[in-house]
Structure formats: C-alpha cells, structure tokens
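K.L.:
Just run-v8.cif, nothing more (mmCIF, C-alpha atoms):
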```
data_upload
loop_
_atom_site.label_atom_id
_atom_site.label_comp_id
_atom_site.auth_asym_id
_atom_site.auth_seq_id
_atom_site.Cartn_x
_atom_site.Cartn_y
_atom_site.Cartn_z
CA MET L 444 21.04 -29.77 20.53
CA ALA L 445 17.45 -28.74 20.51
CA MET L 446 15.23 -29.59 17.59
CA HIS L 447 12.65 -27.14 16.35
CA LYS L 448 9.22 -27.86 14.98
CA ILE L 449 8.64 -25.56 12.07
CA SER L 450 5.98 -25.07 9.47
CA VAL L 451 6.44 -23.36 6.12
CA THR L 452 4.07 -22.77 3.24
CA ILE L 453 6.00 -23.95 0.22
CA ASN L 454 4.45 -23.40 -3.19
CA GLY L 455 1.08 -23.04 -1.52
CA ALA L 456 1.23 -26.25 0.56
CA VAL L 457 1.78 -26.16 4.31
CA ARG L 458 4.65 -28.46 5.27
CA ALA L 459 5.85 -29.25 8.76
CA ALA L 460 9.31 -30.45 9.72
CA GLU L 461 11.43 -30.98 12.77
CA VAL L 462 14.84 -29.44 12.18
CA GLU L 463 18.17 -28.93 13.83
CA SER L 464 19.08 -25.28 14.49
CA ARG L 465 21.85 -25.33 11.93
CA LEU L 466 19.87 -26.81 9.03
CA LEU L 467 19.95 -24.40 6.09
CA LEU L 468 16.80 -23.49 4.21
CA VAL L 469 18.23 -24.88 0.97
CA HIS L 470 18.81 -28.24 2.65
CA LEU L 471 15.30 -28.22 4.10
CA ILE L 472 13.95 -27.72 0.60
CA ARG L 473 16.22 -30.19 -1.19
CA GLU L 474 16.82 -32.91 1.36
CA VAL L 475 13.83 -32.84 3.67
CA PHE L 476 11.14 -31.83 1.18
CA ARG L 477 12.96 -33.55 -1.70
CA MET L 478 12.41 -30.64 -4.05
CA THR L 479 15.62 -30.44 -6.03
CA GLY L 480 14.79 -27.63 -8.42
CA THR L 481 16.58 -25.19 -6.09
CA HIS L 482 20.31 -25.59 -6.71
CA VAL L 483 23.30 -25.30 -4.43
CA GLY L 484 26.00 -23.42 -6.31
CA CYS L 485 28.78 -21.63 -4.49
CA ASP L 486 27.30 -22.25 -1.02
CA THR L 487 28.89 -18.97 0.09
CA SER L 488 26.10 -16.46 -0.61
CA HIS L 489 27.61 -15.23 -3.87
CA CYS L 490 26.12 -17.03 -6.86
CA GLY L 491 22.36 -16.97 -6.30
CA ALA L 492 21.66 -20.46 -7.71
CA CYS L 493 19.82 -21.24 -4.46
CA THR L 494 17.50 -18.22 -4.70
CA VAL L 495 13.94 -18.76 -3.50
CA VAL L 496 11.21 -16.20 -2.89
CA MET L 497 10.51 -15.81 0.83
CA ASP L 498 7.53 -13.66 1.81
CA GLY L 499 7.79 -11.85 -1.51
CA ASP L 500 11.52 -11.21 -1.54
CA PRO L 501 14.13 -13.26 -3.38
CA VAL L 502 16.73 -14.52 -0.91
CA LYS L 503 19.72 -16.86 -0.99
CA SER L 504 18.46 -20.02 0.71
CA CYS L 505 22.01 -21.20 1.46
CA THR L 506 22.30 -18.27 3.84
CA VAL L 507 19.01 -18.56 5.68
CA LEU L 508 18.41 -21.07 8.48
CA ALA L 509 15.43 -23.36 7.98
CA VAL L 510 14.20 -22.33 11.41
CA GLN L 511 14.31 -18.66 10.36
CA ALA L 512 11.80 -19.55 7.65
CA ASP L 513 9.32 -20.88 10.20
CA GLY L 514 5.91 -19.47 9.27
CA ALA L 515 7.16 -18.02 5.98
CA LYS L 516 5.69 -18.36 2.51
CA ILE L 517 8.30 -19.82 0.20
CA THR L 518 8.12 -20.15 -3.56
CA THR L 519 10.65 -22.32 -5.36
CA VAL L 520 11.07 -22.91 -9.06
CA GLU L 521 8.66 -25.85 -8.78
CA GLY L 522 5.95 -23.38 -7.77
CA LEU L 523 6.20 -21.09 -10.78
CA GLU L 524 4.17 -23.24 -13.15
CA GLN L 525 0.45 -22.87 -12.50
CA GLY L 526 -2.17 -25.34 -13.75
CA GLY L 527 0.20 -26.88 -16.25
CA LYS L 528 1.07 -23.49 -17.68
CA LEU L 529 4.59 -22.10 -17.50
CA HIS L 530 5.14 -18.80 -15.71
CA PRO L 531 5.88 -16.00 -18.20
CA VAL L 532 9.54 -15.90 -17.08
CA GLN L 533 9.85 -19.62 -17.75
CA GLU L 534 8.29 -19.10 -21.15
CA GLY L 535 10.62 -16.17 -21.76
CA PHE L 536 13.72 -18.22 -20.90
CA THR L 537 12.51 -20.89 -23.34
CA GLU L 538 11.63 -18.50 -26.15
CA LYS L 539 14.70 -16.27 -25.84
CA HIS L 540 17.27 -18.97 -25.12
CA GLY L 541 17.81 -17.61 -21.62
CA LEU L 542 19.78 -20.64 -20.49
CA GLN L 543 22.73 -22.66 -21.65
CA CYS L 544 23.86 -25.14 -18.99
CA GLY L 545 20.83 -24.29 -16.86
CA PHE L 546 22.51 -24.38 -13.48
CA CYS L 547 21.77 -20.76 -12.56
CA THR L 548 18.30 -20.88 -14.12
CA PRO L 549 16.16 -21.70 -11.06
CA GLY L 550 17.72 -18.79 -9.18
CA MET L 551 17.40 -16.47 -12.17
CA LEU L 552 13.73 -17.42 -12.54
CA MET L 553 12.98 -16.74 -8.89
CA THR L 554 14.77 -13.39 -8.82
CA THR L 555 13.19 -12.19 -12.05
CA SER L 556 9.68 -13.42 -11.23
CA ALA L 557 9.91 -11.46 -7.96
CA LEU L 558 11.21 -8.42 -9.85
CA LEU L 559 8.19 -8.50 -12.17
CA GLU L 560 5.82 -8.69 -9.19
CA ARG L 561 7.27 -5.40 -7.95
CA ASN L 562 8.02 -3.70 -11.25
CA LYS L 563 5.80 -4.45 -14.24
CA ASN L 564 7.95 -2.55 -16.69
CA PRO L 565 11.60 -2.73 -15.69
CA SER L 566 14.23 -1.02 -17.84
CA GLU L 567 17.18 -3.05 -19.09
CA GLN L 568 19.29 -1.46 -16.36
CA GLU L 569 16.77 -2.39 -13.67
CA ILE L 570 16.74 -6.00 -14.90
CA ARG L 571 20.53 -6.13 -14.89
CA GLN L 572 20.69 -4.65 -11.39
CA ALA L 573 18.04 -7.08 -10.15
CA ILE L 574 20.02 -10.11 -11.33
CA SER L 575 23.37 -8.75 -10.16
CA GLY L 576 23.33 -11.25 -7.28
CA ASN L 577 22.77 -14.18 -9.65
CA LEU L 578 25.80 -15.39 -11.56
CA CYS L 579 25.54 -17.13 -14.93
CA ARG L 580 28.91 -18.72 -15.62
CA CYS L 581 27.91 -19.42 -19.21
CA THR L 582 27.69 -15.59 -19.24
CA GLY L 583 24.36 -15.75 -21.01
CA TYR L 584 23.18 -12.46 -19.59
CA VAL L 585 22.13 -10.88 -22.89
CA ASN L 586 19.51 -13.55 -23.50
CA ILE L 587 18.48 -13.65 -19.86
CA VAL L 588 17.67 -9.94 -20.07
CA LYS L 589 15.72 -10.54 -23.29
CA ALA L 590 13.82 -13.37 -21.60
CA VAL L 591 12.79 -11.09 -18.74
CA GLN L 592 11.72 -8.37 -21.17
CA TYR L 593 9.64 -10.99 -23.01
CA ALA L 594 8.01 -12.01 -19.73
CA ALA L 595 7.37 -8.42 -18.69
CA GLU L 596 5.55 -7.73 -21.94
CA LYS L 597 3.58 -10.92 -21.60
CA MET L 598 2.51 -10.03 -18.05
CA ARG L 599 1.42 -6.47 -18.83
CA MET G 98 28.92 -26.27 4.12
CA ILE G 99 27.18 -26.66 7.44
CA PRO G 100 27.81 -24.57 10.55
CA ALA G 101 29.01 -26.21 13.75
CA ALA G 102 26.06 -27.10 15.95
CA PHE G 103 24.39 -24.36 17.97
CA ASP G 104 21.12 -23.71 19.74
CA TYR G 105 18.79 -21.26 18.05
CA HIS G 106 16.62 -18.93 20.12
CA ARG G 107 13.89 -16.67 18.81
CA PRO G 108 12.81 -14.27 21.55
CA ASP G 109 9.62 -12.24 21.05
CA SER G 110 10.86 -9.19 22.94
CA LEU G 111 14.07 -7.28 23.57
CA ASP G 112 13.87 -8.09 27.28
CA GLU G 113 13.70 -11.79 26.51
CA ALA G 114 16.63 -11.45 24.10
CA LEU G 115 18.68 -9.62 26.72
CA LYS G 116 17.93 -12.37 29.25
CA LEU G 117 19.23 -14.98 26.81
CA LEU G 118 22.40 -12.95 26.23
CA ALA G 119 22.90 -12.52 29.97
CA LEU G 120 22.44 -16.24 30.48
CA HIS G 121 24.82 -17.40 27.76
CA GLY G 122 27.43 -14.61 27.86
CA ASP G 123 30.28 -15.02 25.38
CA GLU G 124 28.75 -18.19 23.99
CA ALA G 125 25.83 -16.31 22.48
CA LYS G 126 25.69 -14.16 19.37
CA VAL G 127 22.92 -11.92 18.11
CA LEU G 128 21.53 -12.97 14.72
CA SER G 129 20.04 -10.11 12.71
CA GLY G 130 19.85 -10.54 8.93
CA GLY G 131 22.59 -13.17 9.10
CA MET G 132 24.29 -12.05 5.90
CA SER G 133 27.72 -11.83 7.55
CA LEU G 134 27.21 -14.16 10.50
CA LEU G 135 25.84 -17.19 8.66
CA PRO G 136 28.62 -17.30 6.03
CA MET G 137 31.18 -17.01 8.85
CA LEU G 138 29.55 -19.88 10.72
CA LYS G 139 29.35 -21.97 7.55
CA LEU G 140 33.01 -21.35 6.76
CA ARG G 141 33.73 -22.16 10.41
CA LEU G 142 35.54 -18.89 10.84
CA ALA G 143 33.40 -18.44 13.94
CA SER G 144 31.23 -20.60 16.13
CA PHE G 145 28.81 -19.85 18.93
CA ALA G 146 26.87 -22.24 21.15
CA HIS G 147 23.80 -20.00 20.98
CA LEU G 148 22.28 -17.74 18.34
CA VAL G 149 19.71 -15.22 19.50
CA ASP G 150 17.57 -14.22 16.51
CA ILE G 151 16.20 -10.70 16.94
CA GLY G 152 14.42 -10.87 13.57
CA ARG G 153 10.92 -11.28 14.95
CA ILE G 154 11.11 -8.75 17.76
CA PRO G 155 8.53 -6.09 16.96
CA GLY G 156 9.47 -2.43 16.82
CA LEU G 157 13.04 -2.63 15.53
CA ASP G 158 12.26 -1.88 11.88
CA TYR G 159 11.66 1.82 11.17
CA ILE G 160 13.05 4.90 9.46
CA LYS G 161 11.74 8.16 10.90
CA GLU G 162 12.69 11.76 11.45
CA GLU G 163 11.81 13.16 14.87
CA LYS G 164 12.89 16.41 16.50
CA GLY G 165 15.91 16.94 14.31
CA THR G 166 17.04 13.31 14.41
CA LEU G 167 16.76 10.55 11.84
CA ARG G 168 16.21 7.28 13.68
CA ILE G 169 16.79 3.96 11.96
CA GLY G 170 15.84 0.75 13.77
CA ALA G 171 18.49 -1.94 13.89
CA MET G 172 16.35 -4.55 12.08
CA THR G 173 15.71 -2.26 9.11
CA ARG G 174 16.64 -4.23 6.02
CA GLN G 175 18.97 -2.66 3.48
CA ALA G 176 16.25 -3.15 0.84
CA THR G 177 13.85 -1.07 2.97
CA LEU G 178 16.42 1.70 3.18
CA GLU G 179 16.93 1.48 -0.58
CA ARG G 180 13.20 1.96 -1.22
CA SER G 181 12.72 4.76 1.31
CA ASP G 182 11.70 8.10 -0.24
CA LEU G 183 13.05 9.92 2.82
CA ILE G 184 16.49 8.36 2.35
CA ARG G 185 16.47 8.90 -1.40
CA THR G 186 15.56 12.55 -1.19
CA GLN G 187 17.19 13.70 2.07
CA TYR G 188 20.18 11.42 2.72
CA PRO G 189 22.12 11.07 -0.53
CA ILE G 190 25.14 9.71 1.36
CA LEU G 191 23.04 6.64 2.24
CA ALA G 192 21.24 6.57 -1.09
CA ASP G 193 24.66 6.42 -2.83
CA ALA G 194 25.89 3.60 -0.62
CA VAL G 195 23.03 1.16 -0.19
CA PRO G 196 22.83 -0.04 -3.82
CA LEU G 197 26.57 -0.75 -3.60
CA ILE G 198 26.26 -3.03 -0.56
CA ALA G 199 26.58 -6.73 -1.46
CA ASP G 200 23.84 -7.57 -3.99
CA PRO G 201 20.04 -7.15 -4.15
CA LEU G 202 19.32 -10.61 -2.70
CA VAL G 203 21.63 -10.02 0.24
CA ARG G 204 20.09 -6.58 0.78
CA ASN G 205 16.68 -8.24 1.14
CA ARG G 206 17.97 -9.87 4.34
CA GLY G 207 20.89 -7.76 5.55
CA THR G 208 20.12 -5.11 8.14
CA VAL G 209 21.49 -1.71 9.12
CA GLY G 210 22.10 -2.92 12.67
CA GLY G 211 24.04 -5.92 11.47
CA ASN G 212 26.13 -3.84 9.09
CA LEU G 213 27.05 -1.49 11.95
CA ALA G 214 27.43 -3.93 14.84
CA ASN G 215 29.42 -6.62 13.08
CA GLY G 216 32.57 -4.54 13.35
CA ASP G 217 33.81 -5.48 9.88
CA PRO G 218 35.85 -2.54 8.51
CA GLY G 219 34.79 -3.64 5.01
CA ASN G 220 31.14 -2.83 5.76
CA ASP G 221 30.01 0.46 4.24
CA GLN G 222 27.68 1.96 6.80
CA PRO G 223 30.15 2.43 9.68
CA ALA G 224 32.19 4.99 7.70
CA ILE G 225 28.96 6.75 6.73
CA MET G 226 27.90 6.99 10.36
CA LEU G 227 31.31 8.47 11.21
CA ALA G 228 30.85 11.12 8.51
CA LEU G 229 27.31 11.87 9.67
CA GLY G 230 28.31 12.11 13.34
CA ALA G 231 25.76 9.44 14.23
CA THR G 232 25.07 7.92 17.63
CA PHE G 233 24.34 4.27 18.31
CA VAL G 234 21.77 3.14 20.85
CA ALA G 235 22.47 -0.05 22.79
CA ARG G 236 20.16 -1.88 25.16
CA GLY G 237 21.60 -3.95 27.97
CA PRO G 238 20.47 -5.40 31.28
CA LYS G 239 20.82 -1.98 32.93
CA GLY G 240 18.82 -0.18 30.27
CA GLU G 241 19.74 1.98 27.32
CA ARG G 242 22.94 3.85 26.58
CA THR G 243 24.18 5.82 23.61
CA ILE G 244 27.60 5.50 22.00
CA PRO G 245 28.95 8.01 19.46
CA ALA G 246 29.90 6.28 16.21
CA ASN G 247 33.49 7.48 16.59
CA GLN G 248 33.82 5.67 19.93
CA PHE G 249 32.15 2.46 18.80
CA TYR G 250 34.80 0.64 16.77
CA LYS G 251 37.61 -0.83 18.85
CA GLY G 252 39.29 -3.32 16.53
CA LEU G 253 38.67 -5.96 13.90
CA TYR G 254 35.16 -7.32 14.65
CA SER G 255 35.44 -5.66 18.03
CA THR G 256 33.07 -2.90 19.14
CA ALA G 257 32.02 -1.03 22.27
CA LEU G 258 28.99 -3.35 22.54
CA ALA G 259 29.22 -5.70 25.52
CA PRO G 260 28.26 -9.34 24.91
CA ASN G 261 25.05 -8.73 26.89
CA GLU G 262 24.01 -5.69 24.82
CA ILE G 263 22.04 -5.31 21.60
CA LEU G 264 22.33 -2.44 19.14
CA THR G 265 18.76 -1.21 18.71
CA GLU G 266 18.95 2.05 16.78
CA VAL G 267 21.18 4.53 15.02
CA ARG G 268 20.49 8.25 15.41
CA ILE G 269 21.61 10.69 12.76
CA PRO G 270 21.35 14.46 13.13
CA VAL G 271 19.06 15.79 10.38
CA PRO G 272 21.40 17.75 8.09
CA PRO G 273 20.69 21.52 8.15
CA PRO G 274 20.15 23.49 4.92
CA LYS G 275 23.23 23.84 2.69
CA SER G 276 24.38 20.34 3.67
CA GLY G 277 25.67 17.78 1.23
CA GLY G 278 26.79 14.20 1.53
CA ALA G 279 28.17 11.53 -0.77
CA TYR G 280 29.63 8.04 -0.73
CA ALA G 281 32.18 6.93 -3.32
CA LYS G 282 33.18 3.27 -3.50
CA LEU G 283 35.55 1.37 -5.71
CA LYS G 284 34.83 -2.32 -5.94
CA ARG G 285 35.87 -4.98 -8.39
CA LYS G 286 32.42 -6.48 -8.87
CA THR G 287 28.95 -6.73 -7.38
CA GLY G 288 29.05 -8.45 -4.02
CA ASP G 289 32.65 -7.59 -3.26
CA PHE G 290 33.85 -5.41 -0.44
CA ALA G 291 35.42 -2.07 -1.26
CA VAL G 292 38.98 -1.73 -2.55
CA ALA G 293 38.52 1.71 -1.01
CA ALA G 294 35.52 3.86 -0.22
CA ALA G 295 34.87 7.24 1.32
CA ALA G 296 31.91 8.88 3.03
CA VAL G 297 31.67 12.65 3.21
CA GLN G 298 29.08 14.86 4.86
CA LEU G 299 29.53 18.63 5.02
CA ILE G 300 27.78 21.94 5.65
CA LEU G 301 28.49 25.19 3.82
CA ASN G 302 28.13 28.61 5.43
CA ALA G 303 26.42 31.65 3.90
CA LYS G 304 29.60 32.56 1.99
CA GLY G 305 29.89 29.10 0.47
CA ALA G 306 32.86 28.06 2.62
CA ILE G 307 32.84 24.78 4.50
CA GLU G 308 31.51 25.21 7.99
CA ARG G 309 31.98 21.61 9.09
CA ALA G 310 32.84 18.32 7.43
CA GLY G 311 32.90 14.66 8.40
CA ILE G 312 34.92 12.05 6.51
CA GLY G 313 34.88 8.28 7.00
CA LEU G 314 36.89 5.61 5.19
CA THR G 315 35.82 2.02 4.51
CA ASN G 316 38.28 -0.89 4.39
CA ALA G 317 41.18 1.36 5.31
CA GLY G 318 42.41 -0.46 8.40
CA LEU G 319 41.25 -2.73 11.21
CA THR G 320 38.38 -0.37 12.01
CA PRO G 321 36.46 2.17 9.97
CA VAL G 322 38.62 5.29 9.87
CA GLU G 323 37.50 8.82 10.71
CA ALA G 324 39.69 11.31 8.87
CA VAL G 325 39.69 13.92 11.62
CA ASP G 326 42.66 15.98 10.39
CA ALA G 327 41.27 16.34 6.89
CA ALA G 328 37.88 17.37 8.28
CA LYS G 329 39.50 19.99 10.52
CA TYR G 330 41.57 21.28 7.61
CA LEU G 331 38.40 21.80 5.57
CA ALA G 332 36.64 23.91 8.20
CA GLY G 333 36.46 27.54 7.09
CA LYS G 334 37.91 26.88 3.64
CA THR G 335 36.35 27.51 0.26
CA PRO G 336 35.87 24.09 -1.33
CA ASP G 337 37.91 24.63 -4.48
CA GLU G 338 39.85 21.90 -6.28
CA LYS G 339 43.09 22.69 -4.47
CA THR G 340 41.46 22.44 -1.04
CA ILE G 341 39.69 19.21 -1.98
CA ALA G 342 42.94 17.72 -3.27
CA GLU G 343 44.80 18.61 -0.07
CA ALA G 344 42.03 17.24 2.18
CA ALA G 345 41.88 14.00 0.18
CA LYS G 346 45.64 13.60 0.56
CA MET G 347 45.38 14.12 4.31
CA ALA G 348 42.49 11.66 4.61
CA ALA G 349 44.28 8.98 2.58
CA ALA G 350 47.33 9.35 4.82
CA LYS G 351 45.12 8.15 7.68
CA SER G 352 44.34 4.87 5.95
CA SER G 353 46.33 1.77 6.81
CA PRO G 354 44.92 -0.91 4.50
CA SER G 355 46.45 -4.36 4.16
CA ALA G 356 47.48 -5.94 0.88
CA ASP G 357 45.21 -8.66 -0.50
CA ARG G 358 43.52 -9.73 -3.74
CA ARG G 359 42.08 -6.25 -4.03
CA GLY G 360 45.48 -4.63 -4.30
CA SER G 361 48.65 -3.49 -2.61
CA VAL G 362 48.81 -1.08 0.31
CA GLU G 363 50.03 1.71 -1.99
CA TYR G 364 47.26 1.12 -4.51
CA LYS G 365 44.53 1.05 -1.87
CA ARG G 366 45.80 4.21 -0.22
CA GLU G 367 45.88 5.95 -3.58
CA MET G 368 42.34 4.75 -4.30
CA ALA G 369 41.26 6.04 -0.88
CA ARG G 370 42.57 9.45 -1.96
CA VAL G 371 40.62 9.25 -5.22
CA MET G 372 37.43 8.15 -3.44
CA VAL G 373 37.67 11.01 -0.91
CA THR G 374 38.21 13.45 -3.79
CA ARG G 375 35.13 12.19 -5.61
CA ALA G 376 32.95 12.13 -2.51
CA LEU G 377 34.05 15.64 -1.52
CA ARG G 378 33.32 17.06 -4.97
CA LYS G 379 29.89 15.45 -5.02
CA ALA G 380 29.06 16.50 -1.46
CA VAL G 381 29.99 20.12 -2.25
CA GLN G 382 27.88 20.07 -5.43
CA ARG G 383 24.93 18.75 -3.47
CA ALA G 384 25.37 21.28 -0.68
CA GLU G 385 25.39 24.01 -3.32
CA GLY G 386 22.14 22.59 -4.66
CA LYS G 387 23.64 21.66 -8.02
#
```
Represent the structure from my file as structure tokens, please.
P.N.:
Amino acid sequence: MAMHKISVTINGAVRAAEVESRLLLVHLIREVFRMTGTHVGCDTSHCGACTVVMDGDPVKSCTVLAVQADGAKITTVEGLEQGGKLHPVQEGFTEKHGLQCGFCTPGMLMTTSALLERNKNPSEQEIRQAISGNLCRCTGYVNIVKAVQYAAEKMR
Amino acid sequence: MIPAAFDYHRPDSLDEALKLLALHGDEAKVLSGGMSLLPMLKLRLASFAHLVDIGRIPGLDYIKEEKGTLRIGAMTRQATLERSDLIRTQYPILADAVPLIADPLVRNRGTVGGNLANGDPGNDQPAIMLALGATFVARGPKGERTIPANQFYKGLYSTALAPNEILTEVRIPVPPPKSGGAYAKLKRKTGDFAVAAAAVQLILNAKGAIERAGIGLTNAGLTPVEAVDAAKYLAGKTPDEKTIAEAAKMAAAKSSPSADRRGSVEYKREMARVMVTRALRKAVQRAEGK
C-alpha cells in the first residue's frame, strides 16, 4: 500500500508526516504528533469528542483521513491558548462549570470557538444547535451553554 | 476502528478521476465528503482497494440559477447549502431539510453529491429531488449524460451510476410563481436517520387548485419512494384538509419500511402518512404566500 507524504499546519506549526492511506486524522494527531488533547469517543462519527477545526470548520477527526487533511490548517484544543492566556471559551468553561468528567470538553471547545468566529452574538438556540453534534454524557449542557455565552460576551 | 487497507488517490481533474475509475473498475469508490463512506469502511461494512477523492477537483462546488434551472455542484457541502441565501429564500424544501441532516459537524464535510449518489434510502435529499423533479448529471468515459431522479435509484445502495461514472451536478427546475415546497422529518435525535420523512413540491393554478405535485418519501423502503399515485390524485384538486388527508393516505400506502429500532412497519407507515400531511399543508401555505 502506498504511503503519502503530507504536510499540515497544526496550531500554527507546519508538520510533515508519511502516512498510510487509511490513517485517520485523529490518529495522526494523537499517535503521530503525540497531541492527546483531541479525544476518541464513539469512533463512529456521532459524539464529537474528536472535533478539531479544519480550515475554519469544526469537523469530526475520526471521520477524516489524515491524507485528506494534507495542506489544511488544523486547530486542536492545544492551540486555543495563546501566549499563556486561555481562550475565552476555555475561560468560560472554567468560570461557568462547563465540564464535569471533561471527556467531551476538547470537542465542545473546538466547536464553540469556531461558532464564535462566525457568529459573535449567538442566541441560546444557535449555541444549542451548534453543539448538537457534540454529546456530553454528563448531560452538562446548561452550563456549557452558559460558558459559551460568557465567552461570547468576553469576545465582543 | 481502522478501515481495511486501500490506496488513496487525489486527482486534480475530473478526467484524471475518470481514468482512475476506468482503471480500477469495481475495486474503486469515489470519496466525496466521506460522511457515509468512511464510517462504512471503518465498520468494515464495505471495503474498496482504491478510493478516488474528488474533494480537490475544482469547479464542483457551486449553487447557481441559470436559464430556469438551479444547478448544484456535487461537491457542494451541506453547510454551504445551509448558508445559501438563494436556498433559504427560494427553495424552502431544501432549507427545511438541510438543518435536519446528520449534525452541524457532519454537514461541514458531507456533500450534496454524496447524499444523492450513495443510494442510502435513509438520506434526505433523494426524496427531495424526486419531489422537485430533478435531473442528475453523470460524467463517464464517453462524456456526460443526464438521469432523471426517478430513474436513478435501483436498490439499496444501488443506483444508475456505472462504476466508471461520477455524479457531477443536480439540476432542479426553478419553481414557477405560486409554487410551494416543504420537507417534514421525524427523527428520534440529532444525527439519526428519519423514522419517516416526506418531501412535497407543488404548484397552484390561478383558481388555487393544485396544478401539479411531487411527493418523495425517505426511509420508506429499499430506495427513496416517489408517491406517484398520490401526486396524480392531487392534480386539479383544491388542497383542502380532506384532499390532503386522502393524498397522505395514498402516499403512505406506497411505503414499505422495515422494522428496526426506530419502530415497527405499522408505526413507520403511519408516521409517513403524518409527515406527508404536514409537508403538504406547509407546501400549500407557502404556495399561497402565507
């Protein structure tokens, strides 16, 4: 099976890798780049724990091939903090108790940070719709919504 | 879960993609957004020796109206459709449906072409294309051909597309004035396929009677179902509650769902009736400009 030389910009740094066709983006991130902030949850494109931002859009990295991401700009949860300062959504999740077990949190942070890039002032309904592909099995949605509202205010 | 090994190809042009398909025949599969194909490969419900990714081929991502036809390129992402002002204002049947497809993250990758060409009767857009009387455009080694939506679906995951062809575009007749469309879908939760769903597109005449109607059903059998009898019944009739109820009954009778976690055959058929009723009511309201 052919190997592919790919290059992705991950959290601002250009990284090269040689990958098998079938390698998934989430495995490239976790096992090749050793960045384990991105979680594998259901592994069937349902739960959203593996969400990363790819060229501006949040996507489920368990359902993207690494080779499809060749040339793409990827942001993972490790890339949210800038200069030692938490991203407003990270601050919001801290302040508003937006996590319990924390397993869904990296995906939630990526989806909601991308939402706030596109929509500075989302309504509660828009926030809930945006995170409808991210499952929190602690069912902590009320505080997650509050955390995003906190971040939105902070970013305005 | 990891798919069985395959070779990945990323052609830069349609011609190059078609050459790869011609070379590898049945062993090759077109990869569009990958939102159905990759899960199937991961679950090992399918395997192909070659994937031909059409995602970087320029000129397959567009939504435009030209000479009475809405043309949507096969690589148009669902999220693009969702954000399109043209779709939101002029094609309510699509505007209803797109936010109900999978979830927002999946819609960022999933494409219209993939939704249509996969041949999954649980996908939403095939029934919509049946209701709209759409035509699919396929490119193959001998050039381009068009296939009416109602001749496209042959069986479960089986379509009129040959293994050496690629779906490139869907063409939808621009609805004339006094048209209305709607999509009604019952699903258990975000991300699930429909328990039952119905697509309706109709035109009213000057007297307010139905001139023509198209009805498509999602997840109502091995292929998307066109409710031809119900549509014929509606032609020439005033769309009152009694007429709508009768048409919905006729359409639901055409559904042959199978029992699964989403419900029994009887339940799904009944829900198909309810979905057709709702979509018809809404389509009539919209056609009347209400």
K.L.:
Quick one: distance from atom CA of Gly333 of chain G to atom CA of Asn302 of chain G in Å, one decimal?
P.N.:
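Answer for the atom CA of Gly333 of chain G to atom CA of Asn302 of chain G separation: 8.6 Å.
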K.L.:
Need the shell around Gly165 of chain G: protein/DNA/RNA residues with any atom at most 9 Å away, counting all atoms listed in the file. Skip same-chain ones fewer than 5 positions apart. Format as a PyMOL selection string?
P.N.:
chain G and resi 269-272
K.L.:
Convert the current residue selection to file output with C-alpha atoms, as a short mmCIF file (atom, residue, chain, number, x, y, z; two decimals), in the frame of the given file.
P.N.:
```cif
data_model
loop_
_atom_site.label_atom_id
_atom_site.label_comp_id
_atom_site.auth_asym_id
_atom_site.auth_seq_id
_atom_site.Cartn_x
_atom_site.Cartn_y
_atom_site.Cartn_z
CA ILE G 269 21.61 10.69 12.76
CA PRO G 270 21.35 14.46 13.13
CA VAL G 271 19.06 15.79 10.38
CA PRO G 272 21.40 17.75 8.09
#
```
K.L.:
Which residues, named as in the file, does the PyMOL selection byres ((chain L) within 7 of (chain G)) pick out? Answer as a VMD selection string.
P.N.:
chain L and resid 444 to 445 464 to 465 486 to 487 489 500 to 503 506 573 575 to 576
K.L.:
Quick one: which residues end up in the PyMOL selection byres ((chain G and resi 356) around 12) for this structure, as a list in words?
P.N.:
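Matching residues under the PyMOL selection byres ((chain G and resi 356) around 12) are Val292, Ala293, Asn316, Ala317, Gly318, Ser353, Pro354, Ser355, Asp357, Arg358, Arg359, Gly360, Ser361, Val362, Glu363, Tyr364, Lys365 and Arg366 of chain G.
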K.L.:
List the residues selected by the PyMOL selection byres ((chain L and resi 583-590) around 9) in the file shown, writing them as JSON, numbers by chain.
P.N.:
{"L": [532, 533, 534, 535, 536, 537, 538, 539, 540, 541, 542, 543, 551, 567, 570, 571, 578, 579, 580, 581, 582, 591, 592, 593, 594, 595]}
K.L.:
Using the selection just defined, write its residues with C-alpha atoms as a PDB file, keeping the file's coordinate frame.
P.N.:
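So part00.pdb came out as:
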```
ATOM      1  CA  VAL L 532       9.540 -15.900 -17.080  1.00  0.00           C
ATOM      2  CA  GLN L 533       9.850 -19.620 -17.750  1.00  0.00           C
ATOM      3  CA  GLU L 534       8.290 -19.100 -21.150  1.00  0.00           C
ATOM      4  CA  GLY L 535      10.620 -16.170 -21.760  1.00  0.00           C
ATOM      5  CA  PHE L 536      13.720 -18.220 -20.900  1.00  0.00           C
ATOM      6  CA  THR L 537      12.510 -20.890 -23.340  1.00  0.00           C
ATOM      7  CA  GLU L 538      11.630 -18.500 -26.150  1.00  0.00           C
ATOM      8  CA  LYS L 539      14.700 -16.270 -25.840  1.00  0.00           C
ATOM      9  CA  HIS L 540      17.270 -18.970 -25.120  1.00  0.00           C
ATOM     10  CA  GLY L 541      17.810 -17.610 -21.620  1.00  0.00           C
ATOM     11  CA  LEU L 542      19.780 -20.640 -20.490  1.00  0.00           C
ATOM     12  CA  GLN L 543      22.730 -22.660 -21.650  1.00  0.00           C
ATOM     13  CA  MET L 551      17.400 -16.470 -12.170  1.00  0.00           C
ATOM     14  CA  GLU L 567      17.180  -3.050 -19.090  1.00  0.00           C
ATOM     15  CA  ILE L 570      16.740  -6.000 -14.900  1.00  0.00           C
ATOM     16  CA  ARG L 571      20.530  -6.130 -14.890  1.00  0.00           C
ATOM     17  CA  LEU L 578      25.800 -15.390 -11.560  1.00  0.00           C
ATOM     18  CA  CYS L 579      25.540 -17.130 -14.930  1.00  0.00           C
ATOM     19  CA  ARG L 580      28.910 -18.720 -15.620  1.00  0.00           C
ATOM     20  CA  CYS L 581      27.910 -19.420 -19.210  1.00  0.00           C
ATOM     21  CA  THR L 582      27.690 -15.590 -19.240  1.00  0.00           C
ATOM     22  CA  VAL L 591      12.790 -11.090 -18.740  1.00  0.00           C
ATOM     23  CA  GLN L 592      11.720  -8.370 -21.170  1.00  0.00           C
ATOM     24  CA  TYR L 593       9.640 -10.990 -23.010  1.00  0.00           C
ATOM     25  CA  ALA L 594       8.010 -12.010 -19.730  1.00  0.00           C
ATOM     26  CA  ALA L 595       7.370  -8.420 -18.690  1.00  0.00           C
TER      27      ALA L 595
END
```
K.L.:
Of the candidates G:Lys346, G:Leu128, G:Gln382, G:Leu283, which one gets nearest to Leu508 of chain L if we count only C-alpha atoms?
P.N.:
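Under the stated criterion, the closest residue is G:Leu128.
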K.L.:
Anything within 7 Å of (11.6, -7.1, 19.7): list those residues as a ChimeraX atom specification, counting only C-alpha atoms and sticking to the file's coordinates.
P.N.:
/G:109-111,151,153-157
K.L.:
Would you mind reading off the distance between atom CA of Val127 of chain G and atom CA of Ile263 of chain G, one decimal, in Å?
P.N.:
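Going from atom CA of Val127 of chain G over to atom CA of Ile263 of chain G covers 7.5 Å.
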